[in-house]
$ cat run35.pdb   # PDB, C-alpha atoms
ATOM      1  CA  MET A 191      -5.737 -62.502 -20.483  1.00  0.00           C
ATOM      2  CA  LYS A 192      -3.318 -59.785 -21.646  1.00  0.00           C
ATOM      3  CA  THR A 193      -6.322 -57.689 -22.736  1.00  0.00           C
ATOM      4  CA  LEU A 194      -7.920 -57.983 -19.279  1.00  0.00           C
ATOM      5  CA  LYS A 195      -4.632 -57.004 -17.603  1.00  0.00           C
ATOM      6  CA  LEU A 196      -4.272 -54.016 -19.899  1.00  0.00           C
ATOM      7  CA  ARG A 197      -7.844 -52.885 -19.162  1.00  0.00           C
ATOM      8  CA  TYR A 198      -7.243 -53.286 -15.419  1.00  0.00           C
ATOM      9  CA  ILE A 199      -4.033 -51.244 -15.520  1.00  0.00           C
ATOM     10  CA  THR A 200      -5.728 -48.560 -17.631  1.00  0.00           C
ATOM     11  CA  LEU A 201      -8.669 -48.288 -15.222  1.00  0.00           C
ATOM     12  CA  LEU A 202      -6.292 -48.084 -12.237  1.00  0.00           C
ATOM     13  CA  ILE A 203      -4.319 -45.274 -13.868  1.00  0.00           C
ATOM     14  CA  LEU A 204      -7.502 -43.360 -14.697  1.00  0.00           C
ATOM     15  CA  LEU A 205      -8.768 -43.786 -11.126  1.00  0.00           C
ATOM     16  CA  ILE A 206      -5.521 -42.422  -9.663  1.00  0.00           C
ATOM     17  CA  LEU A 207      -5.541 -39.477 -12.056  1.00  0.00           C
ATOM     18  CA  GLY A 208      -9.210 -38.789 -11.347  1.00  0.00           C
ATOM     19  CA  VAL A 209      -8.657 -38.625  -7.601  1.00  0.00           C
ATOM     20  CA  SER A 210      -5.618 -36.376  -7.945  1.00  0.00           C
ATOM     21  CA  LEU A 211      -7.429 -33.949 -10.236  1.00  0.00           C
ATOM     22  CA  VAL A 212     -10.569 -33.519  -8.108  1.00  0.00           C
ATOM     23  CA  PRO A 213     -10.549 -29.886  -6.911  1.00  0.00           C
ATOM     24  CA  SER A 214     -10.767 -29.440  -3.172  1.00  0.00           C
ATOM     25  CA  CYS A 215     -11.290 -26.533  -0.778  1.00  0.00           C
ATOM     26  CA  ASN A 216     -11.297 -28.574   2.390  1.00  0.00           C
ATOM     27  CA  LYS A 217      -7.893 -27.450   3.632  1.00  0.00           C
ATOM     28  CA  ASP A 218      -7.398 -24.469   5.891  1.00  0.00           C
ATOM     29  CA  LYS A 219      -6.115 -22.491   2.913  1.00  0.00           C
ATOM     30  CA  THR A 220      -5.669 -23.865  -0.579  1.00  0.00           C
ATOM     31  CA  PRO A 221      -5.905 -22.733  -4.222  1.00  0.00           C
ATOM     32  CA  CYS A 222      -9.499 -23.311  -5.267  1.00  0.00           C
ATOM     33  CA  THR A 223     -10.732 -24.298  -8.727  1.00  0.00           C
ATOM     34  CA  THR A 224     -14.431 -24.434  -7.906  1.00  0.00           C
ATOM     35  CA  CYS A 225     -14.811 -20.914  -6.532  1.00  0.00           C
ATOM     36  CA  PRO A 226     -16.192 -17.849  -8.341  1.00  0.00           C
ATOM     37  CA  THR A 227     -12.668 -16.760  -9.298  1.00  0.00           C
ATOM     38  CA  VAL A 228     -10.501 -19.688 -10.326  1.00  0.00           C
ATOM     39  CA  GLY A 229      -7.120 -19.692  -8.636  1.00  0.00           C
ATOM     40  CA  THR A 230      -8.122 -17.653  -5.588  1.00  0.00           C
ATOM     41  CA  ASP A 231      -7.337 -18.892  -2.096  1.00  0.00           C
ATOM     42  CA  CYS A 232     -10.006 -20.766  -0.196  1.00  0.00           C
ATOM     43  CA  GLU A 233      -9.974 -20.403   3.569  1.00  0.00           C
ATOM     44  CA  ASP A 234     -12.116 -21.248   6.559  1.00  0.00           C
ATOM     45  CA  VAL A 235     -14.248 -18.194   7.334  1.00  0.00           C
ATOM     46  CA  LYS A 236     -13.609 -18.740  11.049  1.00  0.00           C
ATOM     47  CA  ASN A 237      -9.990 -17.710  10.507  1.00  0.00           C
ATOM     48  CA  VAL A 238     -11.104 -14.087  10.683  1.00  0.00           C
ATOM     49  CA  LYS A 239     -11.191 -14.587  14.456  1.00  0.00           C
ATOM     50  CA  LYS A 240      -7.427 -15.177  14.492  1.00  0.00           C
ATOM     51  CA  PHE A 241      -7.011 -11.432  13.924  1.00  0.00           C
ATOM     52  CA  PHE A 242      -9.500 -10.121  16.509  1.00  0.00           C
ATOM     53  CA  ALA A 243     -11.065 -12.678  18.854  1.00  0.00           C
ATOM     54  CA  PHE A 244      -8.781 -12.723  21.905  1.00  0.00           C
ATOM     55  CA  LYS A 245      -9.768 -13.998  25.308  1.00  0.00           C
ATOM     56  CA  LEU A 246      -9.851 -12.208  28.638  1.00  0.00           C
ATOM     57  CA  GLY A 247      -6.331 -11.966  29.985  1.00  0.00           C
ATOM     58  CA  SER A 248      -4.846 -10.861  26.649  1.00  0.00           C
ATOM     59  CA  TRP A 249      -3.013  -7.527  26.574  1.00  0.00           C
ATOM     60  CA  TRP A 250      -0.826  -5.365  24.306  1.00  0.00           C
ATOM     61  CA  VAL A 251       1.647  -2.518  24.878  1.00  0.00           C
ATOM     62  CA  TYR A 252       2.218   0.032  22.103  1.00  0.00           C
ATOM     63  CA  GLU A 253       4.859   2.746  21.877  1.00  0.00           C
ATOM     64  CA  GLU A 254       4.720   5.864  19.727  1.00  0.00           C
ATOM     65  CA  GLU A 255       8.070   5.863  17.978  1.00  0.00           C
ATOM     66  CA  ASN A 256       8.577   9.642  17.913  1.00  0.00           C
ATOM     67  CA  SER A 257       7.583  10.580  21.475  1.00  0.00           C
ATOM     68  CA  GLY A 258       8.155   7.314  23.336  1.00  0.00           C
ATOM     69  CA  VAL A 259       4.664   7.519  24.863  1.00  0.00           C
ATOM     70  CA  ARG A 260       3.163   4.112  25.668  1.00  0.00           C
ATOM     71  CA  ASP A 261      -0.384   2.791  25.605  1.00  0.00           C
ATOM     72  CA  SER A 262      -1.471  -0.393  27.406  1.00  0.00           C
ATOM     73  CA  VAL A 263      -4.515  -2.156  25.962  1.00  0.00           C
ATOM     74  CA  TYR A 264      -6.323  -5.138  27.443  1.00  0.00           C
ATOM     75  CA  VAL A 265      -9.423  -7.226  26.753  1.00  0.00           C
ATOM     76  CA  THR A 266     -12.450  -6.347  28.886  1.00  0.00           C
ATOM     77  CA  GLU A 267     -15.107  -8.543  27.227  1.00  0.00           C
ATOM     78  CA  TYR A 268     -14.965 -11.534  24.902  1.00  0.00           C
ATOM     79  CA  VAL A 269     -17.504 -13.952  23.457  1.00  0.00           C
ATOM     80  CA  GLU A 270     -17.526 -16.128  20.368  1.00  0.00           C
ATOM     81  CA  ASN A 271     -19.404 -18.938  18.676  1.00  0.00           C
ATOM     82  CA  PRO A 272     -16.779 -21.673  18.208  1.00  0.00           C
ATOM     83  CA  ASN A 273     -18.746 -23.166  15.301  1.00  0.00           C
ATOM     84  CA  THR A 274     -19.002 -19.975  13.216  1.00  0.00           C
ATOM     85  CA  ALA A 275     -17.119 -16.762  12.451  1.00  0.00           C
ATOM     86  CA  ALA A 276     -19.198 -14.827  14.982  1.00  0.00           C
ATOM     87  CA  PHE A 277     -17.334 -13.044  17.775  1.00  0.00           C
ATOM     88  CA  ASP A 278     -17.673  -9.941  19.924  1.00  0.00           C
ATOM     89  CA  SER A 279     -14.822  -8.399  21.890  1.00  0.00           C
ATOM     90  CA  ARG A 280     -13.946  -5.153  23.637  1.00  0.00           C
ATOM     91  CA  VAL A 281     -10.570  -3.752  24.618  1.00  0.00           C
ATOM     92  CA  TYR A 282      -9.654  -0.748  26.733  1.00  0.00           C
ATOM     93  CA  SER A 283      -6.882   1.742  25.934  1.00  0.00           C
ATOM     94  CA  THR A 284      -5.403   3.167  29.131  1.00  0.00           C
ATOM     95  CA  TYR A 285      -3.634   6.038  27.333  1.00  0.00           C
ATOM     96  CA  GLN A 286      -6.667   7.135  25.341  1.00  0.00           C
ATOM     97  CA  ASP A 287      -9.183   6.235  28.065  1.00  0.00           C
ATOM     98  CA  TYR A 288     -11.487   4.760  25.413  1.00  0.00           C
ATOM     99  CA  TYR A 289     -12.916   1.353  24.606  1.00  0.00           C
ATOM    100  CA  TYR A 290     -12.707  -0.301  21.185  1.00  0.00           C
ATOM    101  CA  HIS A 291     -15.463  -2.743  20.301  1.00  0.00           C
ATOM    102  CA  TYR A 292     -14.883  -5.343  17.532  1.00  0.00           C
ATOM    103  CA  TRP A 293     -17.392  -7.742  15.991  1.00  0.00           C
ATOM    104  CA  ALA A 294     -18.044  -9.717  12.802  1.00  0.00           C
ATOM    105  CA  ALA A 295     -20.683  -8.628  10.296  1.00  0.00           C
ATOM    106  CA  TRP A 296     -21.547 -10.396   7.082  1.00  0.00           C
ATOM    107  CA  GLY A 297     -20.424  -8.245   4.179  1.00  0.00           C
ATOM    108  CA  SER A 298     -22.138 -10.299   1.494  1.00  0.00           C
ATOM    109  CA  THR A 299     -25.374 -12.239   1.072  1.00  0.00           C
ATOM    110  CA  SER A 300     -23.893 -14.290  -1.769  1.00  0.00           C
ATOM    111  CA  GLN A 301     -24.606 -18.013  -1.745  1.00  0.00           C
ATOM    112  CA  GLN A 302     -20.829 -18.465  -1.916  1.00  0.00           C
ATOM    113  CA  CYS A 303     -20.536 -16.972   1.595  1.00  0.00           C
ATOM    114  CA  SER A 304     -20.997 -18.955   4.764  1.00  0.00           C
ATOM    115  CA  ASP A 305     -20.506 -18.264   8.462  1.00  0.00           C
ATOM    116  CA  ASP A 306     -19.165 -21.754   9.143  1.00  0.00           C
ATOM    117  CA  GLY A 307     -17.392 -23.041   6.057  1.00  0.00           C
ATOM    118  CA  ILE A 308     -14.854 -22.460   3.330  1.00  0.00           C
ATOM    119  CA  ILE A 309     -15.009 -19.136   1.467  1.00  0.00           C
ATOM    120  CA  CYS A 310     -13.084 -17.889  -1.563  1.00  0.00           C
ATOM    121  CA  HIS A 311     -13.793 -14.162  -1.635  1.00  0.00           C
ATOM    122  CA  GLN A 312     -14.593 -11.281   0.713  1.00  0.00           C
ATOM    123  CA  CYS A 313     -17.548 -12.276   2.872  1.00  0.00           C
ATOM    124  CA  VAL A 314     -17.008 -10.801   6.338  1.00  0.00           C
ATOM    125  CA  LYS A 315     -16.507  -7.260   7.555  1.00  0.00           C
ATOM    126  CA  VAL A 316     -15.045  -6.631  10.982  1.00  0.00           C
ATOM    127  CA  LYS A 317     -16.714  -3.626  12.550  1.00  0.00           C
ATOM    128  CA  ARG A 318     -15.058  -1.399  15.132  1.00  0.00           C
ATOM    129  CA  SER A 319     -16.454   1.322  17.355  1.00  0.00           C
ATOM    130  CA  LYS A 320     -14.744   3.690  19.787  1.00  0.00           C
ATOM    131  CA  TYR A 321     -16.473   4.981  22.899  1.00  0.00           C
ATOM    132  CA  LYS A 322     -16.451   5.619  26.599  1.00  0.00           C
ATOM    133  CA  PRO A 323     -19.363   6.333  28.947  1.00  0.00           C
ATOM    134  CA  GLY A 324     -21.021   9.517  27.738  1.00  0.00           C
ATOM    135  CA  ASP A 325     -18.970   9.776  24.527  1.00  0.00           C
ATOM    136  CA  PHE A 326     -19.538   7.628  21.440  1.00  0.00           C
ATOM    137  CA  VAL A 327     -16.948   8.566  18.799  1.00  0.00           C
ATOM    138  CA  ASP A 328     -17.646   6.458  15.714  1.00  0.00           C
ATOM    139  CA  GLU A 329     -18.387   3.059  14.180  1.00  0.00           C
ATOM    140  CA  ALA A 330     -16.893   1.776  10.910  1.00  0.00           C
ATOM    141  CA  THR A 331     -15.424  -1.204   9.065  1.00  0.00           C
ATOM    142  CA  CYS A 332     -11.789  -1.865  10.002  1.00  0.00           C
ATOM    143  CA  PHE A 333     -11.062  -5.185   8.254  1.00  0.00           C
ATOM    144  CA  MET A 334     -12.350  -7.345   5.379  1.00  0.00           C
ATOM    145  CA  PHE A 335     -12.093 -11.118   5.175  1.00  0.00           C
ATOM    146  CA  LEU A 336     -10.873 -12.787   3.040  1.00  0.00           C
ATOM    147  CA  PRO A 337      -8.082 -10.214   2.877  1.00  0.00           C
ATOM    148  CA  VAL A 338      -7.377  -9.628  -0.823  1.00  0.00           C
ATOM    149  CA  ILE A 339      -5.117  -6.834  -2.065  1.00  0.00           C
ATOM    150  CA  GLY A 340      -7.197  -4.242  -3.904  1.00  0.00           C
ATOM    151  CA  ASN A 341     -10.454  -4.901  -2.056  1.00  0.00           C
ATOM    152  CA  LYS A 342     -12.130  -1.862  -0.525  1.00  0.00           C
ATOM    153  CA  ASP A 343     -15.243  -0.985   1.430  1.00  0.00           C
ATOM    154  CA  TYR A 344     -17.129   2.274   1.835  1.00  0.00           C
ATOM    155  CA  ASN A 345     -16.974   3.766   5.325  1.00  0.00           C
ATOM    156  CA  TYR A 346     -19.498   6.512   5.982  1.00  0.00           C
ATOM    157  CA  ASN A 347     -17.818   9.645   7.303  1.00  0.00           C
ATOM    158  CA  TYR A 348     -19.641  12.966   7.286  1.00  0.00           C
ATOM    159  CA  SER A 349     -16.314  14.796   7.486  1.00  0.00           C
ATOM    160  CA  TYR A 350     -15.049  12.987   4.369  1.00  0.00           C
ATOM    161  CA  PRO A 351     -17.955  11.798   2.181  1.00  0.00           C
ATOM    162  CA  ASP A 352     -15.859   9.698  -0.227  1.00  0.00           C
ATOM    163  CA  ASN A 353     -14.177   7.644   2.493  1.00  0.00           C
ATOM    164  CA  TYR A 354     -13.022   4.080   1.774  1.00  0.00           C
ATOM    165  CA  ILE A 355     -10.938   1.489   3.569  1.00  0.00           C
ATOM    166  CA  HIS A 356      -8.576  -0.473   1.317  1.00  0.00           C
ATOM    167  CA  THR A 357      -6.724  -3.771   1.742  1.00  0.00           C
ATOM    168  CA  GLU A 358      -3.306  -2.540   0.643  1.00  0.00           C
ATOM    169  CA  ASP A 359      -1.017  -5.453   1.425  1.00  0.00           C
ATOM    170  CA  VAL A 360      -1.083  -9.059   2.686  1.00  0.00           C
ATOM    171  CA  LEU A 361       2.324 -10.136   3.945  1.00  0.00           C
ATOM    172  CA  ASP A 362       3.394 -13.655   4.895  1.00  0.00           C
ATOM    173  CA  SER A 363       5.414 -12.184   7.757  1.00  0.00           C
ATOM    174  CA  PHE A 364       6.215  -8.836   9.352  1.00  0.00           C
ATOM    175  CA  SER A 365       8.751  -7.685  11.930  1.00  0.00           C
ATOM    176  CA  ILE A 366       8.920  -4.800  14.385  1.00  0.00           C
ATOM    177  CA  ALA A 367      12.281  -4.586  16.136  1.00  0.00           C
ATOM    178  CA  ASN A 368      12.786  -8.017  17.738  1.00  0.00           C
ATOM    179  CA  LEU A 369       9.143  -9.105  17.364  1.00  0.00           C
ATOM    180  CA  ASN A 370       8.257 -11.345  14.420  1.00  0.00           C
ATOM    181  CA  PHE A 371       4.702 -11.872  13.260  1.00  0.00           C
ATOM    182  CA  ASN A 372       2.931 -14.242  10.881  1.00  0.00           C
ATOM    183  CA  ARG A 373       0.494 -13.226   8.137  1.00  0.00           C
ATOM    184  CA  THR A 374      -0.075  -9.490   8.409  1.00  0.00           C
ATOM    185  CA  VAL A 375      -2.661  -7.378   6.601  1.00  0.00           C
ATOM    186  CA  ARG A 376      -2.173  -3.647   6.034  1.00  0.00           C
ATOM    187  CA  LEU A 377      -5.295  -1.551   5.567  1.00  0.00           C
ATOM    188  CA  PHE A 378      -5.286   2.057   4.438  1.00  0.00           C
ATOM    189  CA  GLU A 379      -8.279   4.306   5.122  1.00  0.00           C
ATOM    190  CA  ASP A 380      -8.735   7.641   3.361  1.00  0.00           C
ATOM    191  CA  ASN A 381     -10.019   9.301   6.527  1.00  0.00           C
ATOM    192  CA  THR A 382     -10.405   7.465   9.841  1.00  0.00           C
ATOM    193  CA  TYR A 383     -12.786   9.541  11.944  1.00  0.00           C
ATOM    194  CA  MET A 384     -12.121   7.745  15.229  1.00  0.00           C
ATOM    195  CA  GLU A 385      -8.360   8.257  14.842  1.00  0.00           C
ATOM    196  CA  GLY A 386      -8.423  12.037  14.620  1.00  0.00           C
ATOM    197  CA  VAL A 387     -10.172  12.472  11.231  1.00  0.00           C
ATOM    198  CA  GLN A 388      -7.105  11.658   9.124  1.00  0.00           C
ATOM    199  CA  PRO A 389      -5.679   9.032   6.736  1.00  0.00           C
ATOM    200  CA  THR A 390      -4.309   5.956   8.499  1.00  0.00           C
ATOM    201  CA  ASN A 391      -2.615   2.615   8.022  1.00  0.00           C
ATOM    202  CA  HIS A 392      -3.483  -0.236  10.365  1.00  0.00           C
ATOM    203  CA  TYR A 393      -1.553  -3.530  10.479  1.00  0.00           C
ATOM    204  CA  PHE A 394      -3.361  -6.608  11.801  1.00  0.00           C
ATOM    205  CA  SER A 395      -1.400  -9.807  12.350  1.00  0.00           C
ATOM    206  CA  GLU A 396      -2.781 -13.321  12.596  1.00  0.00           C
ATOM    207  CA  GLY A 397      -2.731 -14.596  16.159  1.00  0.00           C
ATOM    208  CA  VAL A 398      -1.829 -11.202  17.637  1.00  0.00           C
ATOM    209  CA  GLY A 399      -4.227  -8.545  16.349  1.00  0.00           C
ATOM    210  CA  LEU A 400      -3.259  -4.907  15.859  1.00  0.00           C
ATOM    211  CA  ILE A 401       0.543  -4.607  15.742  1.00  0.00           C
ATOM    212  CA  ARG A 402       1.049  -1.143  14.225  1.00  0.00           C
ATOM    213  CA  LYS A 403      -0.928   1.945  13.293  1.00  0.00           C
ATOM    214  CA  GLU A 404       0.226   5.005  11.380  1.00  0.00           C
ATOM    215  CA  LEU A 405      -1.661   8.267  11.855  1.00  0.00           C
ATOM    216  CA  LEU A 406      -0.460  10.039   8.750  1.00  0.00           C
ATOM    217  CA  ASP A 407      -1.515  13.648   9.362  1.00  0.00           C
ATOM    218  CA  SER A 408      -0.426  13.527  13.006  1.00  0.00           C
ATOM    219  CA  ASN A 409       2.933  11.970  12.109  1.00  0.00           C
ATOM    220  CA  GLN A 410       2.403   9.293  14.762  1.00  0.00           C
ATOM    221  CA  VAL A 411       3.442   5.661  14.465  1.00  0.00           C
ATOM    222  CA  TRP A 412       2.348   3.293  17.231  1.00  0.00           C
ATOM    223  CA  ASN A 413       4.251  -0.009  17.311  1.00  0.00           C
ATOM    224  CA  LEU A 414       3.538  -3.094  19.372  1.00  0.00           C
ATOM    225  CA  VAL A 415       6.437  -3.602  21.790  1.00  0.00           C
ATOM    226  CA  ASP A 416       5.055  -6.278  24.130  1.00  0.00           C
ATOM    227  CA  TYR A 417       1.968  -8.474  24.341  1.00  0.00           C
ATOM    228  CA  TYR A 418       0.391 -11.571  25.827  1.00  0.00           C
ATOM    229  CA  ILE A 419      -2.343 -13.654  24.190  1.00  0.00           C
ATOM    230  CA  GLN A 420      -4.406 -15.802  26.559  1.00  0.00           C
ATOM    231  CA  GLU A 421      -4.868 -19.310  25.145  1.00  0.00           C
TER     232      GLU A 421
END
$ encode --input "run35.pdb" --output "structure tokens"
Amino acid sequence: MKTLKLRYITLLILLILGVSLVPSCNKDKTPCTTCPTVGTDCEDVKNVKKFFAFKLGSWWVYEEENSGVRDSVYVTEYVENPNTAAFDSRVYSTYQDYYYHYWAAWGSTSQQCSDDGIICHQCVKVKRSKYKPGDFVDEATCFMFLPVIGNKDYNYNYSYPDNYIHTEDVLDSFSIANLNFNRTVRLFEDNTYMEGVQPTNHYFSEGVGLIRKELLDSNQVWNLVDYYIQE
């Protein structure tokens, strides 16, 4: 009888340990032990839309910190597939009198990438173009997802042949004056053609979108000072 009890207790302990040690990537974001790089963060690929896919009615106001000039930006078109990472949106800048078009493109054909599941490395590129009727300026990658410090992507630029965009920083939070933001990704580009053919930093924050851009040769810093996100 004691032997049976001991076996039962042993099996119960092993079962509990087995369940607790099973690796899982089913959470929104969790350390993954079954992914190509052990220890990397797993995350739902659809989370890329938290940085860019904003509905009609959403708007942002930016101020250039040296001149005080303001730019109001608002969504003009928006569509998404709620079951995948696919989205397509356009915003209009009143100060620049140009549209910016954002959409998701798959940056990898790896079997580890999916458009509707958990991913553990860079799988999606967010593309951006700048245009207005009769004047198309440029199209290039502006964001990579998952955002991992050190990742980079080649951006064709005939004015700067060796042009790359780099994920420079991923911050848990970021503040501008009295505005506080959640996870924020800073991307540096060697030469951003659509922003005056110069090096730039762009800051994209989860749930808000673009919150700051630094045009390094022009000595311009545009900060978000007010915004509204349509739910």
$ atom_distance --input "run35.pdb" --atom1 "CA of Arg373 (chain A)" --atom2 "CA of Cys310 (chain A)"
17.3 Å
$ resolve_selection --input "run35.pdb" --expression "the PyMOL selection byres ((chain A and resi 353) around 12)" --output "list in words"
Ala330, Thr331, Lys342, Asp343, Tyr344, Asn345, Tyr346, Asn347, Tyr348, Ser349, Tyr350, Pro351, Asp352, Tyr354, Ile355, His356, Phe378, Glu379, Asp380, Asn381, Thr382, Tyr383, Val387, Gln388, Pro389 and Thr390 of chain A
$ write_last_selection --input "run35.pdb" --atoms "C-alpha atoms" --output "PDB file, keeping the file's coordinate frame"
ATOM      1  CA  ALA A 330     -16.893   1.776  10.910  1.00  0.00           C
ATOM      2  CA  THR A 331     -15.424  -1.204   9.065  1.00  0.00           C
ATOM      3  CA  LYS A 342     -12.130  -1.862  -0.525  1.00  0.00           C
ATOM      4  CA  ASP A 343     -15.243  -0.985   1.430  1.00  0.00           C
ATOM      5  CA  TYR A 344     -17.129   2.274   1.835  1.00  0.00           C
ATOM      6  CA  ASN A 345     -16.974   3.766   5.325  1.00  0.00           C
ATOM      7  CA  TYR A 346     -19.498   6.512   5.982  1.00  0.00           C
ATOM      8  CA  ASN A 347     -17.818   9.645   7.303  1.00  0.00           C
ATOM      9  CA  TYR A 348     -19.641  12.966   7.286  1.00  0.00           C
ATOM     10  CA  SER A 349     -16.314  14.796   7.486  1.00  0.00           C
ATOM     11  CA  TYR A 350     -15.049  12.987   4.369  1.00  0.00           C
ATOM     12  CA  PRO A 351     -17.955  11.798   2.181  1.00  0.00           C
ATOM     13  CA  ASP A 352     -15.859   9.698  -0.227  1.00  0.00           C
ATOM     14  CA  TYR A 354     -13.022   4.080   1.774  1.00  0.00           C
ATOM     15  CA  ILE A 355     -10.938   1.489   3.569  1.00  0.00           C
ATOM     16  CA  HIS A 356      -8.576  -0.473   1.317  1.00  0.00           C
ATOM     17  CA  PHE A 378      -5.286   2.057   4.438  1.00  0.00           C
ATOM     18  CA  GLU A 379      -8.279   4.306   5.122  1.00  0.00           C
ATOM     19  CA  ASP A 380      -8.735   7.641   3.361  1.00  0.00           C
ATOM     20  CA  ASN A 381     -10.019   9.301   6.527  1.00  0.00           C
ATOM     21  CA  THR A 382     -10.405   7.465   9.841  1.00  0.00           C
ATOM     22  CA  TYR A 383     -12.786   9.541  11.944  1.00  0.00           C
ATOM     23  CA  VAL A 387     -10.172  12.472  11.231  1.00  0.00           C
ATOM     24  CA  GLN A 388      -7.105  11.658   9.124  1.00  0.00           C
ATOM     25  CA  PRO A 389      -5.679   9.032   6.736  1.00  0.00           C
ATOM     26  CA  THR A 390      -4.309   5.956   8.499  1.00  0.00           C
TER      27      THR A 390
END
$ residues_around --input "run35.pdb" --residues "Asp306 (chain A)" --least-positions-apart "6" --cutoff "9 Å" --atoms "all atoms listed in the file" --output "PyMOL selection string"
chain A and resi 234-236+273-275
$ residues_around --input "run35.pdb" --residues "Ser279 (chain A)" --least-positions-apart "2" --cutoff "8 Å" --atoms "all atoms listed in the file" --output "mmCIF file with C-alpha atoms, in the coordinates of the input"
data_model
loop_
_atom_site.group_PDB
_atom_site.id
_atom_site.type_symbol
_atom_site.label_atom_id
_atom_site.label_comp_id
_atom_site.auth_asym_id
_atom_site.auth_seq_id
_atom_site.Cartn_x
_atom_site.Cartn_y
_atom_site.Cartn_z
ATOM 1 C CA PHE A 242 -9.500 -10.121 16.509
ATOM 2 C CA ALA A 243 -11.065 -12.678 18.854
ATOM 3 C CA PHE A 244 -8.781 -12.723 21.905
ATOM 4 C CA VAL A 265 -9.423 -7.226 26.753
ATOM 5 C CA THR A 266 -12.450 -6.347 28.886
ATOM 6 C CA GLU A 267 -15.107 -8.543 27.227
ATOM 7 C CA TYR A 268 -14.965 -11.534 24.902
ATOM 8 C CA VAL A 269 -17.504 -13.952 23.457
ATOM 9 C CA PHE A 277 -17.334 -13.044 17.775
ATOM 10 C CA VAL A 281 -10.570 -3.752 24.618
ATOM 11 C CA HIS A 291 -15.463 -2.743 20.301
ATOM 12 C CA TYR A 292 -14.883 -5.343 17.532
ATOM 13 C CA TRP A 293 -17.392 -7.742 15.991
#
$ residues_around --input "run35.pdb" --residues "region 323-326 of chain A" --least-positions-apart "3" --cutoff "10 Å" --atoms "only C-alpha atoms" --output "PyMOL selection string"
chain A and resi 288-289+319-320+329+384
$ write_last_selection --input "run35.pdb" --atoms "C-alpha atoms" --output "CSV table (one decimal), keeping the file's coordinate frame"
chain,number,residue,atom,x,y,z
A,288,TYR,CA,-11.5,4.8,25.4
A,289,TYR,CA,-12.9,1.4,24.6
A,319,SER,CA,-16.5,1.3,17.4
A,320,LYS,CA,-14.7,3.7,19.8
A,329,GLU,CA,-18.4,3.1,14.2
A,384,MET,CA,-12.1,7.7,15.2
$ atom_distance --input "run35.pdb" --atom1 "CA of Glu358 (chain A)" --atom2 "CA of Val375 (chain A)"
7.7 Å
$ resolve_selection --input "run35.pdb" --expression "the PyMOL selection byres ((chain A and resi 360-372) around 9)" --output "ChimeraX atom specification"
/A:337-339,357-359,373-376,395-398,401-402,413-416
$ closest_residue --input "run35.pdb" --among "A:Lys317, A:Tyr282, A:Val263, A:Gly386" --to "Asp407 (chain A)" --atoms "only C-alpha atoms"
A:Gly386
$ atom_distance --input "run35.pdb" --atom1 "CA of Ala294 (chain A)" --atom2 "CA of Trp412 (chain A)"
24.6 Å
$ closest_residue --input "run35.pdb" --among "A:Glu385, A:Cys313, A:Gly307, A:Pro272" --to "Ser408 (chain A)" --atoms "all atoms listed in the file"
A:Glu385
